[in-house]
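Listing of input.cif; format and content: mmCIF, C-alpha atoms.
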data_work
loop_
_atom_site.label_atom_id
_atom_site.label_comp_id
_atom_site.auth_asym_id
_atom_site.auth_seq_id
_atom_site.Cartn_x
_atom_site.Cartn_y
_atom_site.Cartn_z
CA ASP Q 1 51.64 58.76 128.60
CA SER Q 2 54.82 58.94 126.55
CA HIS Q 3 53.68 62.27 125.15
CA LEU Q 4 53.30 64.07 128.50
CA PHE Q 5 56.68 65.53 127.69
CA LEU Q 6 59.60 64.30 125.70
CA PRO Q 7 62.28 62.65 127.86
CA PHE Q 8 64.59 65.67 127.38
CA ARG Q 9 66.55 63.83 124.72
CA TYR Q 10 67.24 67.18 123.04
CA ALA Q 11 68.29 68.87 126.29
CA VAL Q 12 71.96 69.02 125.35
CA ARG Q 13 71.20 71.33 122.42
CA ALA Q 14 68.97 73.60 124.47
CA GLY Q 15 70.88 73.47 127.72
CA LEU Q 16 67.71 72.30 129.45
CA THR Q 17 67.87 70.17 132.59
CA LEU Q 18 65.15 68.83 134.85
CA ASP Q 19 66.49 70.71 137.88
CA SER Q 20 66.74 74.12 136.22
CA ILE Q 21 63.52 74.81 134.34
CA MET Q 22 63.11 78.53 134.98
CA PHE Q 23 62.02 80.94 132.26
CA LYS Q 24 61.98 84.71 132.62
CA ASN Q 25 60.39 85.16 129.19
CA LEU Q 26 57.76 83.15 127.30
CA ILE Q 27 56.76 83.72 123.68
CA PHE Q 28 53.37 82.28 122.71
CA ASP Q 29 51.87 81.24 119.44
CA TRP Q 30 48.14 82.04 119.35
CA SER Q 31 46.09 79.62 117.25
CA GLY Q 32 46.02 76.14 118.75
CA THR Q 33 48.22 77.23 121.66
CA LEU Q 34 46.09 79.71 123.58
CA VAL Q 35 42.86 79.65 121.57
CA ASP Q 36 40.88 77.10 119.59
CA ASP Q 37 40.20 78.57 116.15
CA LEU Q 38 40.62 75.42 114.08
CA ASP Q 39 37.02 75.32 112.84
CA LEU Q 40 37.19 79.00 111.87
CA THR Q 41 40.47 78.51 110.02
CA LEU Q 42 39.10 75.42 108.27
CA GLU Q 43 35.97 77.24 107.16
CA ALA Q 44 37.97 80.20 105.87
CA SER Q 45 40.40 77.88 104.09
CA ASN Q 46 37.58 75.95 102.44
CA TYR Q 47 36.14 79.25 101.25
CA VAL Q 48 39.51 80.03 99.67
CA PHE Q 49 39.60 76.58 98.05
CA SER Q 50 36.11 77.14 96.60
CA GLN Q 51 37.27 80.36 94.90
CA TYR Q 52 39.79 78.32 92.91
CA GLY Q 53 37.65 75.26 92.21
CA LYS Q 54 39.35 73.05 94.78
CA ALA Q 55 37.35 70.56 96.86
CA ASN Q 56 36.76 71.22 100.55
CA MET Q 57 38.78 69.43 103.23
CA ASP Q 58 37.46 67.85 106.38
CA ARG Q 59 39.02 68.58 109.77
CA ASN Q 60 41.39 65.59 109.83
CA GLU Q 61 42.54 66.09 106.25
CA PHE Q 62 43.20 69.78 106.89
CA ARG Q 63 45.21 69.08 110.06
CA SER Q 64 47.37 66.58 108.23
CA GLU Q 65 47.93 68.94 105.27
CA PHE Q 66 48.18 72.42 106.76
CA GLN Q 67 51.62 73.90 107.46
CA LEU Q 68 53.35 77.13 108.35
CA PRO Q 69 54.60 79.42 106.97
CA TYR Q 70 51.19 79.58 105.28
CA PRO Q 71 52.54 81.09 102.02
CA ASP Q 72 54.47 77.85 101.54
CA TYR Q 73 51.31 75.83 102.20
CA TYR Q 74 49.21 77.71 99.65
CA ALA Q 75 52.05 77.68 97.13
CA ARG Q 76 51.87 73.89 97.38
CA VAL Q 77 48.08 73.36 97.32
CA LEU Q 78 47.10 76.37 95.16
CA PRO Q 79 50.18 77.19 93.06
CA GLU Q 80 48.08 79.10 90.56
CA ALA Q 81 46.73 81.59 93.13
CA ASP Q 82 48.12 85.06 93.77
CA LEU Q 83 48.99 85.23 97.46
CA ASN Q 84 47.61 88.74 98.02
CA GLU Q 85 44.33 87.81 96.35
CA LEU Q 86 44.21 84.58 98.32
CA GLU Q 87 44.76 86.47 101.60
CA ASP Q 88 41.88 88.82 100.73
CA HIS Q 89 39.58 85.82 100.26
CA PHE Q 90 40.74 84.33 103.56
CA ARG Q 91 40.25 87.56 105.54
CA HIS Q 92 36.78 88.00 104.06
CA ALA Q 93 35.76 84.48 105.08
CA PHE Q 94 37.36 84.99 108.47
CA ARG Q 95 35.32 88.15 109.13
CA ILE Q 96 31.93 86.78 108.07
CA SER Q 97 32.29 83.36 109.72
CA ARG Q 98 30.09 82.50 112.69
CA GLU Q 99 32.48 79.82 113.92
CA PRO Q 100 33.46 80.70 117.50
CA VAL Q 101 36.99 81.26 118.75
CA CYS Q 102 37.46 80.36 122.39
CA VAL Q 103 40.28 80.32 124.91
CA LEU Q 104 41.63 76.80 125.28
CA PRO Q 105 41.26 74.98 128.62
CA HIS Q 106 44.11 75.84 131.02
CA ALA Q 107 45.33 78.76 128.87
CA ARG Q 108 43.96 81.63 130.94
CA GLU Q 109 45.08 79.95 134.16
CA PHE Q 110 48.56 79.55 132.69
CA MET Q 111 48.74 83.23 131.77
CA GLU Q 112 47.70 84.15 135.32
CA PHE Q 113 50.42 81.82 136.59
CA CYS Q 114 52.97 83.64 134.43
CA ARG Q 115 51.76 86.99 135.74
CA SER Q 116 52.09 85.82 139.34
CA ARG Q 117 55.67 84.73 138.69
CA GLY Q 118 56.75 87.89 136.94
CA ILE Q 119 57.34 86.08 133.64
CA ARG Q 120 57.38 88.42 130.63
CA CYS Q 121 54.92 87.21 127.98
CA PHE Q 122 54.91 87.94 124.25
CA ALA Q 123 52.75 86.84 121.32
CA LEU Q 124 54.19 85.77 117.96
CA THR Q 125 51.53 84.73 115.47
CA SER Q 126 50.79 84.59 111.76
CA VAL Q 127 47.18 85.67 112.39
CA ASP Q 128 46.44 89.00 110.69
CA ALA Q 129 47.28 91.82 113.11
CA LYS Q 130 43.83 93.42 112.95
CA GLU Q 131 42.01 90.12 113.37
CA PHE Q 132 44.33 89.17 116.21
CA ASP Q 133 43.65 92.43 118.01
CA ILE Q 134 39.88 91.85 117.76
CA GLN Q 135 40.15 88.27 119.04
CA CYS Q 136 42.64 89.02 121.79
CA ARG Q 137 40.69 91.94 123.22
CA SER Q 138 37.27 90.27 122.96
CA LEU Q 139 38.60 87.19 124.78
CA GLY Q 140 40.16 89.30 127.55
CA MET Q 141 43.71 88.10 126.82
CA PHE Q 142 45.29 91.35 125.62
CA ASP Q 143 46.66 92.54 128.96
CA TYR Q 144 48.66 89.38 129.52
CA PHE Q 145 51.15 90.36 126.81
CA GLU Q 146 53.97 92.85 127.14
CA ALA Q 147 54.17 93.05 123.33
CA ILE Q 148 52.42 91.46 120.36
CA HIS Q 149 53.98 90.50 117.03
CA ALA Q 150 51.07 89.56 114.75
CA GLY Q 151 50.68 89.04 111.02
CA ILE Q 152 54.13 87.44 110.81
CA ARG Q 153 54.28 85.20 107.76
CA HIS Q 154 57.72 83.73 108.49
CA LYS Q 155 58.34 83.45 112.21
CA THR Q 156 61.86 82.12 111.73
CA SER Q 157 62.80 85.35 109.95
CA HIS Q 158 61.30 87.43 112.77
CA ILE Q 159 62.39 85.70 115.97
CA HIS Q 160 65.77 87.42 116.31
CA LYS Q 161 64.14 90.82 115.78
CA LEU Q 162 61.70 90.03 118.61
CA LEU Q 163 64.48 88.88 120.94
CA ASP Q 164 66.65 91.91 120.20
CA GLN Q 165 63.80 94.42 120.37
CA HIS Q 166 62.80 93.34 123.87
CA GLY Q 167 66.25 92.46 125.20
CA LEU Q 168 65.42 88.79 125.75
CA ILE Q 169 68.27 86.47 126.67
CA PRO Q 170 67.83 83.19 124.72
CA SER Q 171 68.82 80.95 127.65
CA GLU Q 172 66.01 82.53 129.72
CA THR Q 173 63.38 82.32 126.98
CA ALA Q 174 61.03 79.67 125.56
CA PHE Q 175 58.60 79.62 122.65
CA ILE Q 176 55.35 77.69 123.17
CA GLY Q 177 53.48 76.55 120.06
CA ASP Q 178 51.44 73.81 118.46
CA MET Q 179 53.09 73.45 115.04
CA GLN Q 180 56.39 72.34 113.56
CA HIS Q 181 57.10 75.87 112.33
CA ASP Q 182 56.89 77.12 115.92
CA MET Q 183 59.48 74.59 117.03
CA GLU Q 184 61.72 75.42 114.08
CA THR Q 185 61.39 79.11 114.99
CA ALA Q 186 62.53 78.38 118.55
CA HIS Q 187 65.52 76.40 117.27
CA HIS Q 188 66.41 79.22 114.89
CA GLY Q 189 66.31 81.73 117.75
CA GLY Q 190 68.37 79.53 120.07
CA ILE Q 191 65.58 79.40 122.65
CA THR Q 192 63.78 76.50 124.32
CA SER Q 193 60.99 74.94 122.24
CA ILE Q 194 57.83 73.74 124.00
CA ALA Q 195 55.16 71.93 121.98
CA VAL Q 196 51.52 71.63 123.05
CA LEU Q 197 49.11 69.05 121.65
CA THR Q 198 46.06 71.32 121.62
CA GLY Q 199 46.26 72.59 118.08
CA TYR Q 200 46.99 71.92 114.46
CA ASN Q 201 49.82 69.34 114.62
CA ASP Q 202 49.66 66.01 116.41
CA ALA Q 203 52.48 64.42 118.42
CA SER Q 204 53.97 62.50 115.50
CA GLN Q 205 54.18 65.68 113.40
CA LEU Q 206 55.66 67.74 116.22
CA GLU Q 207 58.29 65.15 117.09
CA LYS Q 208 59.77 65.60 113.61
CA SER Q 209 60.81 69.12 114.62
CA GLN Q 210 62.48 67.86 117.82
CA PRO Q 211 60.91 70.05 120.53
CA ASP Q 212 62.70 70.28 123.85
CA MET Q 213 59.44 69.54 125.64
CA MET Q 214 56.03 68.28 124.60
CA VAL Q 215 52.94 68.54 126.81
CA PRO Q 216 49.29 67.66 126.14
CA HIS Q 217 48.15 71.10 127.36
CA LEU Q 218 49.29 74.15 129.29
CA GLY Q 219 47.93 72.80 132.57
CA ILE Q 220 50.60 70.08 132.54
CA LEU Q 221 53.29 72.66 131.76
CA GLN Q 222 52.08 74.84 134.63
CA ASN Q 223 52.29 71.93 137.06
CA LEU Q 224 55.80 71.18 135.85
CA LEU Q 225 57.02 74.78 136.12
CA ARG Q 226 55.44 75.18 139.56
CA LYS Q 227 57.96 72.67 140.95
CA PHE Q 228 60.90 74.90 140.07
CA PRO Q 229 62.03 78.35 141.22
CA SER Q 230 60.22 81.30 139.75
CA ALA Q 231 61.82 84.14 137.85
CA THR Q 232 61.11 86.29 140.90
CA ALA Q 233 62.40 83.79 143.46
CA CYS Q 234 65.02 86.33 144.58
CA ASP Q 235 62.23 88.48 146.03
CA HIS Q 236 61.83 86.02 148.90
CA GLN Q 237 65.51 85.54 149.79
CA ASP Q 238 67.34 87.14 152.71
CA SER Q 239 69.03 90.37 151.64
CA MET Q 240 71.83 92.78 152.47
CA LYS Q 241 71.96 96.47 151.51
CA ILE Q 242 74.71 99.07 151.21
CA LYS Q 243 73.09 102.49 150.98
CA GLY Q 244 74.70 105.72 149.79
CA LEU Q 245 78.14 104.33 148.93
CA VAL Q 246 80.25 107.29 147.76
CA LEU Q 247 82.08 106.58 144.49
CA LEU Q 248 84.55 108.80 142.63
CA CYS Q 249 84.49 108.22 138.88
CA ARG Q 250 85.08 109.93 135.58
CA ILE Q 251 81.65 109.84 133.98
CA GLY Q 252 79.64 111.87 131.48
CA VAL Q 253 78.97 112.18 127.77
CA PRO Q 254 81.05 115.34 127.12
CA ASP Q 255 84.82 114.85 127.19
CA GLU Q 256 85.25 117.79 129.54
CA GLU Q 257 82.89 116.22 132.09
CA ARG Q 258 84.86 112.97 132.08
CA ALA Q 259 88.13 114.86 132.52
CA VAL Q 260 87.50 115.51 136.22
CA PRO Q 261 86.46 112.86 138.78
CA GLN Q 262 83.01 113.47 140.24
CA GLU Q 263 81.08 111.96 143.09
CA VAL Q 264 78.12 109.66 142.59
CA ARG Q 265 76.37 107.53 145.18
CA ALA Q 266 75.27 103.92 144.91
CA ASP Q 267 72.63 101.85 146.67
CA ILE Q 268 73.43 98.13 146.55
CA THR Q 269 70.88 95.38 147.24
CA LEU Q 270 72.12 91.80 147.48
CA LYS Q 271 69.98 88.66 147.64
CA LEU Q 272 71.86 85.83 149.29
CA SER Q 273 72.00 82.19 148.31
CA HIS Q 274 71.27 81.02 151.86
CA PRO Q 275 69.52 82.46 154.96
CA LEU Q 276 71.31 84.99 157.15
CA SER Q 277 70.19 83.16 160.27
CA GLY Q 278 72.29 80.41 161.84
CA LEU Q 279 75.68 81.79 160.73
CA GLN Q 280 77.18 81.33 164.21
CA GLU Q 281 79.50 84.32 163.84
CA ASP Q 282 81.17 82.80 160.76
CA LEU Q 283 82.26 85.69 158.51
CA ALA Q 284 83.13 83.29 155.70
CA ALA Q 285 79.49 82.19 155.54
CA THR Q 286 78.21 85.63 154.60
CA VAL Q 287 79.14 88.63 152.43
CA ASN Q 288 82.10 90.67 153.62
CA TYR Q 289 80.55 94.05 152.88
CA ASP Q 290 83.77 95.93 153.65
CA THR Q 291 85.62 93.99 150.96
CA LEU Q 292 82.70 94.39 148.56
CA ALA Q 293 82.57 98.16 149.12
CA ARG Q 294 86.30 98.42 148.38
CA ASN Q 295 85.86 96.35 145.20
CA LEU Q 296 82.96 98.54 144.05
CA THR Q 297 84.96 101.69 144.72
CA GLU Q 298 87.91 100.37 142.72
CA GLU Q 299 85.65 99.33 139.81
CA ALA Q 300 84.03 102.78 139.68
CA ALA Q 301 87.45 104.46 139.44
CA ARG Q 302 88.93 101.91 137.03
CA THR Q 303 87.95 103.51 133.71
CA PRO Q 304 86.08 106.55 132.36
CA ARG Q 305 82.48 105.91 131.24
CA LYS Q 306 79.90 107.96 129.37
CA LEU Q 307 76.79 106.48 130.96
CA ILE Q 308 75.79 105.83 134.56
CA GLU Q 309 73.90 102.84 133.13
CA THR Q 310 77.25 101.31 132.17
CA LEU Q 311 78.67 102.01 135.61
CA ALA Q 312 75.66 100.34 137.26
CA GLU Q 313 76.02 97.30 135.01
CA ASP Q 314 79.73 96.98 135.84
CA LEU Q 315 78.99 97.22 139.57
CA VAL Q 316 76.33 94.52 139.31
CA ALA Q 317 78.98 92.26 137.78
CA VAL Q 318 81.24 92.90 140.79
CA CYS Q 319 78.40 91.99 143.13
CA MET Q 320 77.63 88.78 141.24
CA ASP Q 321 81.30 87.75 141.52
CA THR Q 322 80.99 87.97 145.31
CA PRO Q 323 80.54 84.68 147.24
CA HIS Q 324 77.02 83.91 148.53
CA VAL Q 325 75.30 86.47 146.24
CA SER Q 326 72.54 85.06 144.01
CA CYS Q 327 70.90 88.29 142.79
CA ALA Q 328 71.94 91.93 142.88
CA SER Q 329 70.66 95.36 141.97
CA VAL Q 330 72.57 98.64 141.85
CA THR Q 331 71.07 102.14 141.84
CA ILE Q 332 73.41 104.98 140.83
CA ARG Q 333 72.52 108.57 141.78
CA LYS Q 334 74.23 111.36 139.84
CA TYR Q 335 74.04 114.99 140.93
CA ILE Q 336 74.22 116.85 137.63
CA LEU Q 337 70.94 118.54 136.61
CA PRO Q 338 70.12 122.02 137.93
CA GLN Q 339 66.99 122.33 140.10
CA THR Q 340 67.03 118.55 140.52
CA GLU Q 341 68.02 116.47 143.54
CA HIS Q 342 69.61 113.76 141.40
CA VAL Q 343 69.25 111.50 138.36
CA SER Q 344 69.27 107.77 139.05
CA VAL Q 345 69.25 104.46 137.21
CA THR Q 346 68.78 100.94 138.58
CA VAL Q 347 70.23 97.80 136.99
CA HIS Q 348 69.34 94.26 138.08
CA SER Q 349 71.30 91.05 137.62
CA HIS Q 350 69.80 88.58 135.14
#

Could I get this structure in the form of structure tokens?
Amino acid sequence: DSHLFLPFRYAVRAGLTLDSIMFKNLIFDWSGTLVDDLDLTLEASNYVFSQYGKANMDRNEFRSEFQLPYPDYYARVLPEADLNELEDHFRHAFRISREPVCVLPHAREFMEFCRSRGIRCFALTSVDAKEFDIQCRSLGMFDYFEAIHAGIRHKTSHIHKLLDQHGLIPSETAFIGDMQHDMETAHHGGITSIAVLTGYNDASQLEKSQPDMMVPHLGILQNLLRKFPSATACDHQDSMKIKGLVLLCRIGVPDEERAVPQEVRADITLKLSHPLSGLQEDLAATVNYDTLARNLTEEAARTPRKLIETLAEDLVAVCMDTPHVSCASVTIRKYILPQTEHVSVTVHSH
């Protein structure tokens, strides 16, 4: 099927390659992506149309006509209507409708797959926030999301706020949706765009917005992602630790605290790019921890810093510049508060 997924013809723009499909963060649309609410939306829309003397649409006609952002759609089909009044009509019809909303096939399994891989999941939807909360909780999907951004009329205007608010790195993030506006939102945010054919737009409509990938449903996407390393793949790699490394540094928020070097201690955990077995006494094939400890000590003393968080981040960078290291974490312990053993922070490599 030519629509199983696009042949990565847009991969240059997104930096996507077949041998490096690994996402740490996934943003999900709701309607048509995780749940089937098309009949409910159609019924509510037809109720709105009836309030303004416009004929009802059937399912196929509505799918071919409907677009996001929805204010643009209603401005086109009902230019005479006040948007706030129109939204009141829609919400009323939405609440009294008996049309069911159900989780789409493969969606719950995909969310469990994300949970098992440590992938951070977020929702970004135009569905009214209160209605979304009711649906999401009643369908048992609420706990899959780290954060929810609902009632967003213009997703393209919101995507950077979402990324910044949660510290998401675009190259590690994808947006999964069923409509052209979802794909345009992903492009606007500089993140990977993944289209699913389970919702409001068909393949020909979605291709116009040039998604990086297109799959018939989330089950296919899960099978594809399963073939590649997980975001938590480092958890299963051989490791090396340096515990309690003494560092002298000028650190602290007050100027007077930074004026005098003080001692902090660091715990370093390194995940290696290859197993530690079979090295045959070859030092060049592993991490020279003496050299690394000297480099970390020099980095700590290099410049004054206000925050131990900054120091930990700088030390992680030193670790990641070390041969054979694929992941690193640094815990800094500072002995500063009275009646307290220490204060510590831990920073992980991305």

Quiz prompt | Contacts of Asp72 in chain Q at 12 Å (all atoms listed in the file; same-chain gap of 5+ positions) as a PyMOL selection string | solution = chain Q and resi 65-67+77-79+83+153-154+181

Quiz item: Do you know which residues the PyMOL selection byres ((chain Q and resi 221) around 12) returns on this file, as a count of residues only?
Solution: 31

Exercise. Translate the PyMOL selection byres ((chain Q and resi 124-136) around 6), as applied to the file shown, into an explicit residue set as a ChimeraX atom specification.
Key: /Q:28-30,123,137-139,141-142,149-153

What does the PyMOL selection byres ((chain Q and resi 50-56) around 9) select in this file, as a JSON list (two decimals) with C-alpha atoms, in the coordinates of the input?
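After the write, out.json holds the following:
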[["chain", "number", "residue", "atom", "x", "y", "z"],
["Q", 43, "GLU", "CA", 35.97, 77.24, 107.16],
["Q", 45, "SER", "CA", 40.40, 77.88, 104.09],
["Q", 46, "ASN", "CA", 37.58, 75.95, 102.44],
["Q", 47, "TYR", "CA", 36.14, 79.25, 101.25],
["Q", 48, "VAL", "CA", 39.51, 80.03, 99.67],
["Q", 49, "PHE", "CA", 39.60, 76.58, 98.05],
["Q", 57, "MET", "CA", 38.78, 69.43, 103.23],
["Q", 58, "ASP", "CA", 37.46, 67.85, 106.38],
["Q", 78, "LEU", "CA", 47.10, 76.37, 95.16],
["Q", 80, "GLU", "CA", 48.08, 79.10, 90.56],
["Q", 81, "ALA", "CA", 46.73, 81.59, 93.13],
["Q", 86, "LEU", "CA", 44.21, 84.58, 98.32],
["Q", 89, "HIS", "CA", 39.58, 85.82, 100.26]]

Quiz item: Smallest atom-to-atom distance to Ser204 in chain Q: which of Q:Ile242, Q:Ser273, Q:Ser64, Q:Gln262, using only C-alpha atoms?
Solution: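 The answer is Q:Ser64, which sits nearest to Ser204 in chain Q.
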
Exercise. Between Q:Leu272, Q:Leu311, Q:Leu68, Q:Val343, single out the one closest to Leu248 in chain Q, counting only C-alpha atoms.
Key: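 Under the stated criterion, the closest residue is Q:Leu311.
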
Self-check item: Contacts of Leu276 in chain Q within 9 Å, all atoms listed in the file, excl. fewer than 5 positions in-chain, as a PyMOL selection string
Solution: chain Q and resi 238-239+285-286

Practice problem: Measure the distance from CA of Met240 in chain Q to CA of Arg265 in chain Q in Å and round it to one decimal. | Solution: 17.1 Å

Quiz prompt | Top pick for closest residue to Ala312 in chain Q, considering Q:Glu257, Q:His274, Q:Ala93, Q:Cys249 and counting only C-alpha atoms | solution =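 Smallest separation from Ala312 in chain Q among the options: Q:Cys249.
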
Quiz item: For Arg333 in chain Q, which residue out of Q:Pro211, Q:Gly244, Q:Pro100, Q:Pro71 is the nearest one, using all atoms listed in the file?
Solution: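 Among the listed residues, the smallest separation from Arg333 in chain Q belongs to Q:Gly244.
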
Quiz prompt | Separation of CA of Thr185 in chain Q from CA of Asp39 in chain Q, in Å and rounded to one decimal | solution = 24.8 Å

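For Asp37 in chain Q, the list of residues within 8 Å, based on only C-alpha atoms and with local chain neighbours fewer than 2 positions off taken out, reads Ser31, Gly32, Val35, Asp39, Leu40, Thr41, Pro100, Val101 and Cys102 of chain Q.
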
Quiz item: Quick one: of Q:Lys271, Q:His158, Q:Arg120, Q:Lys241, who's nearest to Thr173 in chain Q, counting only C-alpha atoms?
Solution: Q:Arg120

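Across Q:Thr33, Q:Ser171, Q:Gln165, Q:Gln210, the tightest approach to Val103 in chain Q is made by Q:Thr33 when counting only C-alpha atoms.
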
Self-check item: Long-range neighbours of Glu298 in chain Q as a PyMOL selection string, 12 Å cut-off, all atoms listed in the file, 3 positions minimum in chain
Solution: chain Q and resi 246-249+291-295+301-303+311+314-315+318

Quiz prompt | Length of the CA of Glu85 in chain Q to CA of Ser97 in chain Q vector [Å] | solution = 18.5 Å
